[in-house]
Amino acid sequence: MAERHAGRKLTVKRWCDPGRRAVEEALENFAAGCLSTDVGSSPTGHPDLLRLKLYAASERLKLAIRQCDVPKALLEIGSNLIGCEQMAILQMQDNSVLRLLASFDLTESQIQALISNSERITTEIRSGQITIIGADSVCNDLWSELGITAFVPVWYRGKPSGAIVFYKLLPQRDRFDASDRNLLQMLSIFSGPSLFKPGLSGGGPSYGA
Amino acid sequence: MMHKILLVDDSSTTLLMEQMLFGGCRNYSLIMARDGHEAVQKALAEQPDLILMDVVMPNMDGFNACREMRKMEKLRRVPIILVTSRGEPCNIETGFASGCNDYLTKPINGNELLEMVSTYLGNGSVE
């Protein structure tokens with residue numbers, strides 16, 4: 001299914017995870033932890049913004065599980081809380097085949113780059129390491145070839161099973177910061193169970209490693 | 001003095017962030033709308049003291065909603081702050097041309113937003 005969102009191409013598949021209640025409960029606990037610090041405890045008297053971001057993201061993810069629109073929620077979180085509207089969501093299947101679950105505002109050449117680098121991408125997924133390009137001292141020409149700003153392996157059932165790939169940030173942002181990393185870690189942990197439903201039929205195109 | 005703020009965004013993530021940001025301010029009451037059309041209707045009905053509005057929304061975008069509100073006598077002087085991911089200079093110019101009072105880009109800098117709102121409404125106390 002493809003939608004047009006404000007003139008930009010959004011490609012997403014819809015599905016529901018039958019085990020979603022466990023994920024919702026985990027997100028509820030996470031959200032409660034985000035709010036455990038008193039509002040106004042910062043020197044300015046303003047709320048702790050990082051915790052609010054994490055709380056908002058966890059609540060949105062929980063809603064997405066109920067509404068079966070997790071990829072759309074991830075795109076919304078990226079756009080509103082991180083400042084990135086070019087993203088791809090990848091699933092790595094058992095035979096190391098890479099599947100593009102959803103993409104937002106990617107060009108054909110960017111999608112082609114994912115296809116042609118699928119083997120290297122699956123290697124990076126298996127590492128399980130979140131990488132913020134530029135901030136993390138990792139020399140990897142894959143990142144420059146893909147033209148991305150962050151690579152977030154997504155965990156499912158105890159192992160990295162996919163990735164959220166962030167491309168160009170919006171003009172008002174020049175880099176990721178510390179609060180972004182916390183948010184990326186949260187997405188890495190919590191989005192997997194609802195993204196990677198076992199036996200998913202159909203879905204996006206697959207690219208062999 | 002209680003101030004009424006209309007929050008307009010099709011993103012529940014942003015609405016939740018804004019609700020949480022203002023949640024500690026006992027002088028602010030909040031109303032929500034999910035698109036520009038609903039925003040105009042609620043603004044007329046509720047007469048908010050300030051409007052925080054996204055730009056990219058279904059049914060009616062923030063620019064058009066702002067223009068509609070400025071045509072109405074009751075809403076002509078209500079401060080409108082556009083809060084949007086569209087941070088390009090041309091969009092900022094369009095925003096001001098549509099009649100907004102201020103423009104903030106996403107991702108929201110909470111401190112900046114609270115201070116800007118405080119500037120237009122006076123200080124809201126944080127509990």
# chains A, B, ... in the order shown; residues from 1 in each chain; ligands from 1

$ residues_around --residues "Ala33 in chain B" --least-positions-apart "3" --cutoff "10 Å" --atoms "only C-alpha atoms" --output "PDB file with N, CA and C atoms, in the first residue's frame"
ATOM      1  N   LEU B   6      -4.754  26.450  22.376  1.00  0.00           N
ATOM      2  CA  LEU B   6      -5.222  25.482  21.383  1.00  0.00           C
ATOM      3  C   LEU B   6      -4.001  24.836  20.728  1.00  0.00           C
ATOM      4  N   LEU B   7      -3.900  23.524  20.866  1.00  0.00           N
ATOM      5  CA  LEU B   7      -2.812  22.763  20.254  1.00  0.00           C
ATOM      6  C   LEU B   7      -3.341  22.092  18.997  1.00  0.00           C
ATOM      7  N   VAL B   8      -2.669  22.322  17.878  1.00  0.00           N
ATOM      8  CA  VAL B   8      -3.158  21.780  16.612  1.00  0.00           C
ATOM      9  C   VAL B   8      -2.049  20.975  15.943  1.00  0.00           C
ATOM     10  N   ASP B   9      -2.271  19.685  15.795  1.00  0.00           N
ATOM     11  CA  ASP B   9      -1.284  18.831  15.133  1.00  0.00           C
ATOM     12  C   ASP B   9      -1.942  17.504  14.795  1.00  0.00           C
ATOM     13  N   ASP B  10      -1.587  16.940  13.628  1.00  0.00           N
ATOM     14  CA  ASP B  10      -2.117  15.620  13.284  1.00  0.00           C
ATOM     15  C   ASP B  10      -1.258  14.519  13.895  1.00  0.00           C
ATOM     16  N   LEU B  15       1.399  16.196  19.973  1.00  0.00           N
ATOM     17  CA  LEU B  15       0.370  16.651  20.908  1.00  0.00           C
ATOM     18  C   LEU B  15       0.685  16.175  22.319  1.00  0.00           C
ATOM     19  N   GLY B  36      -6.319  21.548  10.290  1.00  0.00           N
ATOM     20  CA  GLY B  36      -6.584  22.983  10.209  1.00  0.00           C
ATOM     21  C   GLY B  36      -8.054  23.330  10.257  1.00  0.00           C
ATOM     22  N   HIS B  37      -8.862  22.499   9.644  1.00  0.00           N
ATOM     23  CA  HIS B  37     -10.301  22.748   9.624  1.00  0.00           C
ATOM     24  C   HIS B  37     -10.876  22.693  11.041  1.00  0.00           C
ATOM     25  N   GLU B  38     -10.495  21.650  11.770  1.00  0.00           N
ATOM     26  CA  GLU B  38     -10.952  21.517  13.161  1.00  0.00           C
ATOM     27  C   GLU B  38     -10.389  22.659  14.002  1.00  0.00           C
ATOM     28  N   ALA B  39      -9.180  23.072  13.685  1.00  0.00           N
ATOM     29  CA  ALA B  39      -8.556  24.169  14.437  1.00  0.00           C
ATOM     30  C   ALA B  39      -9.370  25.450  14.319  1.00  0.00           C
ATOM     31  N   VAL B  40      -9.790  25.757  13.114  1.00  0.00           N
ATOM     32  CA  VAL B  40     -10.579  26.980  12.913  1.00  0.00           C
ATOM     33  C   VAL B  40     -11.892  26.889  13.691  1.00  0.00           C
ATOM     34  N   GLN B  41     -12.530  25.742  13.626  1.00  0.00           N
ATOM     35  CA  GLN B  41     -13.809  25.569  14.326  1.00  0.00           C
ATOM     36  C   GLN B  41     -13.642  25.699  15.832  1.00  0.00           C
ATOM     37  N   LYS B  42     -12.619  25.050  16.363  1.00  0.00           N
ATOM     38  CA  LYS B  42     -12.411  25.075  17.815  1.00  0.00           C
ATOM     39  C   LYS B  42     -11.942  26.456  18.281  1.00  0.00           C
ATOM     40  N   ALA B  43     -11.152  27.091  17.446  1.00  0.00           N
ATOM     41  CA  ALA B  43     -10.699  28.439  17.812  1.00  0.00           C
ATOM     42  C   ALA B  43     -11.891  29.400  17.922  1.00  0.00           C
ATOM     43  N   MET B  53       0.298  25.661  16.300  1.00  0.00           N
ATOM     44  CA  MET B  53      -0.254  24.936  15.161  1.00  0.00           C
ATOM     45  C   MET B  53       0.813  24.379  14.247  1.00  0.00           C
TER      46      MET B  53
END

$ select_by_dssp --residues "range 36-106 of chain B" --states "helix (DSSP H, G or I)" --output "PyMOL selection string"
chain B and resi 36-46+62-71+73-75+89-98

$ write_last_selection --atoms "N, CA, C and O atoms" --output "short mmCIF file (atom, residue, chain, number, x, y, z; two decimals), in the first residue's frame"
data_model
loop_
_atom_site.label_atom_id
_atom_site.label_comp_id
_atom_site.auth_asym_id
_atom_site.auth_seq_id
_atom_site.Cartn_x
_atom_site.Cartn_y
_atom_site.Cartn_z
N GLY B 36 -6.32 21.55 10.29
CA GLY B 36 -6.58 22.98 10.21
C GLY B 36 -8.05 23.33 10.26
O GLY B 36 -8.45 24.33 10.85
N HIS B 37 -8.86 22.50 9.64
CA HIS B 37 -10.30 22.75 9.62
C HIS B 37 -10.88 22.69 11.04
O HIS B 37 -11.61 23.60 11.47
N GLU B 38 -10.50 21.65 11.77
CA GLU B 38 -10.95 21.52 13.16
C GLU B 38 -10.39 22.66 14.00
O GLU B 38 -11.05 23.15 14.91
N ALA B 39 -9.18 23.07 13.69
CA ALA B 39 -8.56 24.17 14.44
C ALA B 39 -9.37 25.45 14.32
O ALA B 39 -9.60 26.15 15.31
N VAL B 40 -9.79 25.76 13.11
CA VAL B 40 -10.58 26.98 12.91
C VAL B 40 -11.89 26.89 13.69
O VAL B 40 -12.30 27.84 14.37
N GLN B 41 -12.53 25.74 13.63
CA GLN B 41 -13.81 25.57 14.33
C GLN B 41 -13.64 25.70 15.83
O GLN B 41 -14.42 26.39 16.51
N LYS B 42 -12.62 25.05 16.36
CA LYS B 42 -12.41 25.08 17.82
C LYS B 42 -11.94 26.46 18.28
O LYS B 42 -12.28 26.90 19.37
N ALA B 43 -11.15 27.09 17.45
CA ALA B 43 -10.70 28.44 17.81
C ALA B 43 -11.89 29.40 17.92
O ALA B 43 -11.97 30.20 18.85
N LEU B 44 -12.81 29.28 17.00
CA LEU B 44 -14.01 30.13 17.05
C LEU B 44 -14.86 29.81 18.27
O LEU B 44 -15.38 30.70 18.95
N ALA B 45 -14.96 28.52 18.56
CA ALA B 45 -15.83 28.09 19.65
C ALA B 45 -15.20 28.39 21.02
O ALA B 45 -15.90 28.77 21.96
N GLU B 46 -13.88 28.20 21.13
CA GLU B 46 -13.24 28.26 22.45
C GLU B 46 -12.54 29.58 22.75
O GLU B 46 -12.21 29.86 23.89
N GLY B 62 -1.63 24.27 8.08
CA GLY B 62 -1.52 25.35 9.05
C GLY B 62 -1.50 26.73 8.43
O GLY B 62 -2.02 27.69 8.99
N PHE B 63 -0.89 26.83 7.27
CA PHE B 63 -0.85 28.15 6.60
C PHE B 63 -2.27 28.62 6.27
O PHE B 63 -2.64 29.77 6.54
N ASN B 64 -3.06 27.74 5.68
CA ASN B 64 -4.41 28.11 5.30
C ASN B 64 -5.29 28.34 6.52
O ASN B 64 -6.14 29.25 6.53
N ALA B 65 -5.08 27.52 7.54
CA ALA B 65 -5.86 27.72 8.77
C ALA B 65 -5.54 29.08 9.38
O ALA B 65 -6.43 29.80 9.86
N CYS B 66 -4.27 29.43 9.33
CA CYS B 66 -3.85 30.73 9.87
C CYS B 66 -4.50 31.87 9.08
O CYS B 66 -5.02 32.83 9.66
N ARG B 67 -4.49 31.74 7.77
CA ARG B 67 -5.12 32.78 6.93
C ARG B 67 -6.61 32.90 7.24
O ARG B 67 -7.14 34.02 7.34
N GLU B 68 -7.28 31.76 7.42
CA GLU B 68 -8.71 31.77 7.73
C GLU B 68 -8.97 32.46 9.06
O GLU B 68 -9.90 33.26 9.19
N MET B 69 -8.15 32.14 10.02
CA MET B 69 -8.35 32.73 11.35
C MET B 69 -8.14 34.24 11.32
O MET B 69 -8.84 35.00 11.99
N ARG B 70 -7.20 34.69 10.53
CA ARG B 70 -6.91 36.13 10.47
C ARG B 70 -8.03 36.90 9.75
O ARG B 70 -8.11 38.12 9.87
N LYS B 71 -8.86 36.20 9.01
CA LYS B 71 -9.99 36.86 8.36
C LYS B 71 -11.11 37.12 9.35
O LYS B 71 -12.03 37.89 9.09
N GLU B 73 -12.79 38.38 12.79
CA GLU B 73 -12.59 39.41 13.78
C GLU B 73 -12.22 38.85 15.15
O GLU B 73 -11.33 39.34 15.82
N LYS B 74 -12.91 37.77 15.53
CA LYS B 74 -12.70 37.19 16.86
C LYS B 74 -11.31 36.58 17.02
O LYS B 74 -10.82 36.43 18.13
N LEU B 75 -10.68 36.21 15.92
CA LEU B 75 -9.40 35.50 16.02
C LEU B 75 -8.22 36.31 15.49
O LEU B 75 -7.08 35.86 15.50
N PRO B 89 13.66 28.48 4.87
CA PRO B 89 13.33 29.92 4.91
C PRO B 89 12.06 30.26 4.14
O PRO B 89 11.29 31.12 4.58
N CYS B 90 11.86 29.60 3.00
CA CYS B 90 10.65 29.94 2.21
C CYS B 90 9.39 29.60 2.99
O CYS B 90 8.38 30.32 2.90
N ASN B 91 9.43 28.53 3.75
CA ASN B 91 8.26 28.16 4.53
C ASN B 91 8.06 29.09 5.72
O ASN B 91 6.92 29.40 6.09
N ILE B 92 9.16 29.54 6.29
CA ILE B 92 9.05 30.50 7.39
C ILE B 92 8.42 31.79 6.87
O ILE B 92 7.54 32.38 7.50
N GLU B 93 8.86 32.20 5.69
CA GLU B 93 8.28 33.41 5.08
C GLU B 93 6.79 33.23 4.83
O GLU B 93 5.99 34.13 5.09
N THR B 94 6.43 32.07 4.32
CA THR B 94 5.01 31.80 4.06
C THR B 94 4.22 31.83 5.36
O THR B 94 3.09 32.33 5.40
N GLY B 95 4.82 31.30 6.40
CA GLY B 95 4.16 31.30 7.70
C GLY B 95 3.84 32.69 8.18
O GLY B 95 2.71 33.00 8.58
N PHE B 96 4.83 33.55 8.14
CA PHE B 96 4.59 34.92 8.58
C PHE B 96 3.63 35.64 7.63
O PHE B 96 2.81 36.45 8.06
N ALA B 97 3.73 35.33 6.36
CA ALA B 97 2.81 35.95 5.40
C ALA B 97 1.37 35.50 5.63
O ALA B 97 0.42 36.25 5.34
N SER B 98 1.20 34.30 6.17
CA SER B 98 -0.16 33.81 6.44
C SER B 98 -0.74 34.43 7.69
O SER B 98 -1.93 34.29 7.95
#

$ closest_atom_pairs --of "chain B" --to "chain A" --cutoff "9 Å" --atoms "only C-alpha atoms" --output "Markdown table"
| residue | atom | partner | partner_atom | distance |
| --- | --- | --- | --- | --- |
| B:Ser11 | CA | A:Glu76 | CA | 7.0 |
| B:Ser12 | CA | A:Arg60 | CA | 7.0 |
| B:Thr13 | CA | A:Ala56 | CA | 5.6 |
| B:Thr14 | CA | A:Asn80 | CA | 6.4 |
| B:Leu15 | CA | A:Ala56 | CA | 8.9 |
| B:Leu16 | CA | A:Ala56 | CA | 6.0 |
| B:Met17 | CA | A:Ala56 | CA | 5.8 |
| B:Met20 | CA | A:Leu52 | CA | 6.9 |
| B:Leu21 | CA | A:Pro47 | CA | 6.5 |
| B:Phe22 | CA | A:Pro47 | CA | 8.9 |
| B:Gly24 | CA | A:Val39 | CA | 6.8 |
| B:Val56 | CA | A:Ala6 | CA | 6.8 |
| B:Met57 | CA | A:Ala6 | CA | 7.9 |
| B:Pro58 | CA | A:Ala6 | CA | 8.2 |
| B:Thr84 | CA | A:Asn80 | CA | 8.4 |
| B:Ser85 | CA | A:Gly83 | CA | 7.0 |
| B:Arg86 | CA | A:Leu170 | CA | 8.0 |
| B:Gly87 | CA | A:Gln172 | CA | 5.9 |
| B:Glu88 | CA | A:Pro171 | CA | 6.7 |
| B:Thr105 | CA | A:Gln172 | CA | 7.1 |
| B:Lys106 | CA | A:Asn80 | CA | 5.9 |
| B:Pro107 | CA | A:Leu81 | CA | 4.8 |
| B:Ile108 | CA | A:Leu81 | CA | 7.1 |
| B:Asn109 | CA | A:Leu49 | CA | 8.1 |
| B:Gly110 | CA | A:Leu49 | CA | 6.4 |
| B:Asn111 | CA | A:His46 | CA | 6.8 |
| B:Leu114 | CA | A:His46 | CA | 8.2 |
| B:Val126 | CA | A:Gly40 | CA | 6.7 |
| B:Glu127 | CA | A:Gly40 | CA | 7.1 |

$ atom_distance --atom1 "CA of Gln112 in chain A" --atom2 "CA of Ala135 in chain A"
25.9 Å

$ select_by_dssp --residues "range 114-207 of chain A" --states "strand (DSSP E or B)" --output "list in words"
Thr131, Ile132, Ile133, Asp136, Ala150, Phe151, Val152, Pro153, Val154, Trp155, Tyr156, Lys159, Pro160, Ser161, Gly162, Ala163, Ile164, Val165, Phe166, Leu169, Ser206 and Tyr207 of chain A

$ write_last_selection --atoms "N, CA and C atoms" --output "PDB file, in the first residue's frame"
ATOM      1  N   THR A 131      24.676   3.115  15.375  1.00  0.00           N
ATOM      2  CA  THR A 131      25.744   3.976  14.861  1.00  0.00           C
ATOM      3  C   THR A 131      25.171   5.316  14.449  1.00  0.00           C
ATOM      4  N   ILE A 132      25.720   6.358  15.046  1.00  0.00           N
ATOM      5  CA  ILE A 132      25.407   7.714  14.600  1.00  0.00           C
ATOM      6  C   ILE A 132      26.608   8.178  13.802  1.00  0.00           C
ATOM      7  N   ILE A 133      26.417   8.339  12.519  1.00  0.00           N
ATOM      8  CA  ILE A 133      27.527   8.654  11.623  1.00  0.00           C
ATOM      9  C   ILE A 133      28.097  10.018  11.981  1.00  0.00           C
ATOM     10  N   ASP A 136      30.033   8.595  16.165  1.00  0.00           N
ATOM     11  CA  ASP A 136      30.683   7.358  16.563  1.00  0.00           C
ATOM     12  C   ASP A 136      31.912   7.149  15.695  1.00  0.00           C
ATOM     13  N   ALA A 150      22.202   7.771  10.567  1.00  0.00           N
ATOM     14  CA  ALA A 150      22.177   6.868  11.724  1.00  0.00           C
ATOM     15  C   ALA A 150      21.673   5.497  11.290  1.00  0.00           C
ATOM     16  N   PHE A 151      22.217   4.481  11.960  1.00  0.00           N
ATOM     17  CA  PHE A 151      21.829   3.092  11.666  1.00  0.00           C
ATOM     18  C   PHE A 151      21.463   2.449  12.993  1.00  0.00           C
ATOM     19  N   VAL A 152      20.225   1.968  13.076  1.00  0.00           N
ATOM     20  CA  VAL A 152      19.709   1.467  14.358  1.00  0.00           C
ATOM     21  C   VAL A 152      19.250   0.029  14.206  1.00  0.00           C
ATOM     22  N   PRO A 153      20.059  -0.944  14.619  1.00  0.00           N
ATOM     23  CA  PRO A 153      19.584  -2.328  14.602  1.00  0.00           C
ATOM     24  C   PRO A 153      18.388  -2.474  15.526  1.00  0.00           C
ATOM     25  N   VAL A 154      17.425  -3.246  15.084  1.00  0.00           N
ATOM     26  CA  VAL A 154      16.222  -3.472  15.873  1.00  0.00           C
ATOM     27  C   VAL A 154      16.221  -4.908  16.365  1.00  0.00           C
ATOM     28  N   TRP A 155      16.022  -5.075  17.663  1.00  0.00           N
ATOM     29  CA  TRP A 155      16.107  -6.386  18.299  1.00  0.00           C
ATOM     30  C   TRP A 155      14.742  -7.057  18.347  1.00  0.00           C
ATOM     31  N   TYR A 156      14.800  -8.375  18.178  1.00  0.00           N
ATOM     32  CA  TYR A 156      13.591  -9.184  18.289  1.00  0.00           C
ATOM     33  C   TYR A 156      13.999 -10.562  18.770  1.00  0.00           C
ATOM     34  N   LYS A 159      17.823 -11.086  19.498  1.00  0.00           N
ATOM     35  CA  LYS A 159      18.878 -10.855  18.517  1.00  0.00           C
ATOM     36  C   LYS A 159      18.477  -9.749  17.541  1.00  0.00           C
ATOM     37  N   PRO A 160      19.476  -9.076  16.996  1.00  0.00           N
ATOM     38  CA  PRO A 160      19.157  -8.034  16.007  1.00  0.00           C
ATOM     39  C   PRO A 160      18.505  -8.669  14.789  1.00  0.00           C
ATOM     40  N   SER A 161      17.357  -8.114  14.397  1.00  0.00           N
ATOM     41  CA  SER A 161      16.570  -8.737  13.337  1.00  0.00           C
ATOM     42  C   SER A 161      16.196  -7.778  12.230  1.00  0.00           C
ATOM     43  N   GLY A 162      16.671  -6.582  12.333  1.00  0.00           N
ATOM     44  CA  GLY A 162      16.351  -5.594  11.308  1.00  0.00           C
ATOM     45  C   GLY A 162      17.011  -4.284  11.657  1.00  0.00           C
ATOM     46  N   ALA A 163      16.587  -3.253  10.978  1.00  0.00           N
ATOM     47  CA  ALA A 163      17.200  -1.952  11.254  1.00  0.00           C
ATOM     48  C   ALA A 163      16.277  -0.823  10.829  1.00  0.00           C
ATOM     49  N   ILE A 164      16.445   0.282  11.549  1.00  0.00           N
ATOM     50  CA  ILE A 164      15.839   1.546  11.114  1.00  0.00           C
ATOM     51  C   ILE A 164      16.997   2.395  10.612  1.00  0.00           C
ATOM     52  N   VAL A 165      16.866   2.872   9.405  1.00  0.00           N
ATOM     53  CA  VAL A 165      17.952   3.629   8.781  1.00  0.00           C
ATOM     54  C   VAL A 165      17.490   5.072   8.596  1.00  0.00           C
ATOM     55  N   PHE A 166      18.248   5.972   9.147  1.00  0.00           N
ATOM     56  CA  PHE A 166      17.925   7.393   9.058  1.00  0.00           C
ATOM     57  C   PHE A 166      18.824   8.047   8.022  1.00  0.00           C
ATOM     58  N   LEU A 169      18.911  14.633   7.756  1.00  0.00           N
ATOM     59  CA  LEU A 169      18.144  15.364   8.759  1.00  0.00           C
ATOM     60  C   LEU A 169      17.494  16.582   8.108  1.00  0.00           C
ATOM     61  N   SER A 206      12.188  -8.365  -1.062  1.00  0.00           N
ATOM     62  CA  SER A 206      13.314  -8.968  -0.368  1.00  0.00           C
ATOM     63  C   SER A 206      14.541  -8.930  -1.268  1.00  0.00           C
ATOM     64  N   TYR A 207      15.703  -8.759  -0.634  1.00  0.00           N
ATOM     65  CA  TYR A 207      16.939  -8.672  -1.384  1.00  0.00           C
ATOM     66  C   TYR A 207      17.905  -9.682  -0.806  1.00  0.00           C
TER      67      TYR A 207
END
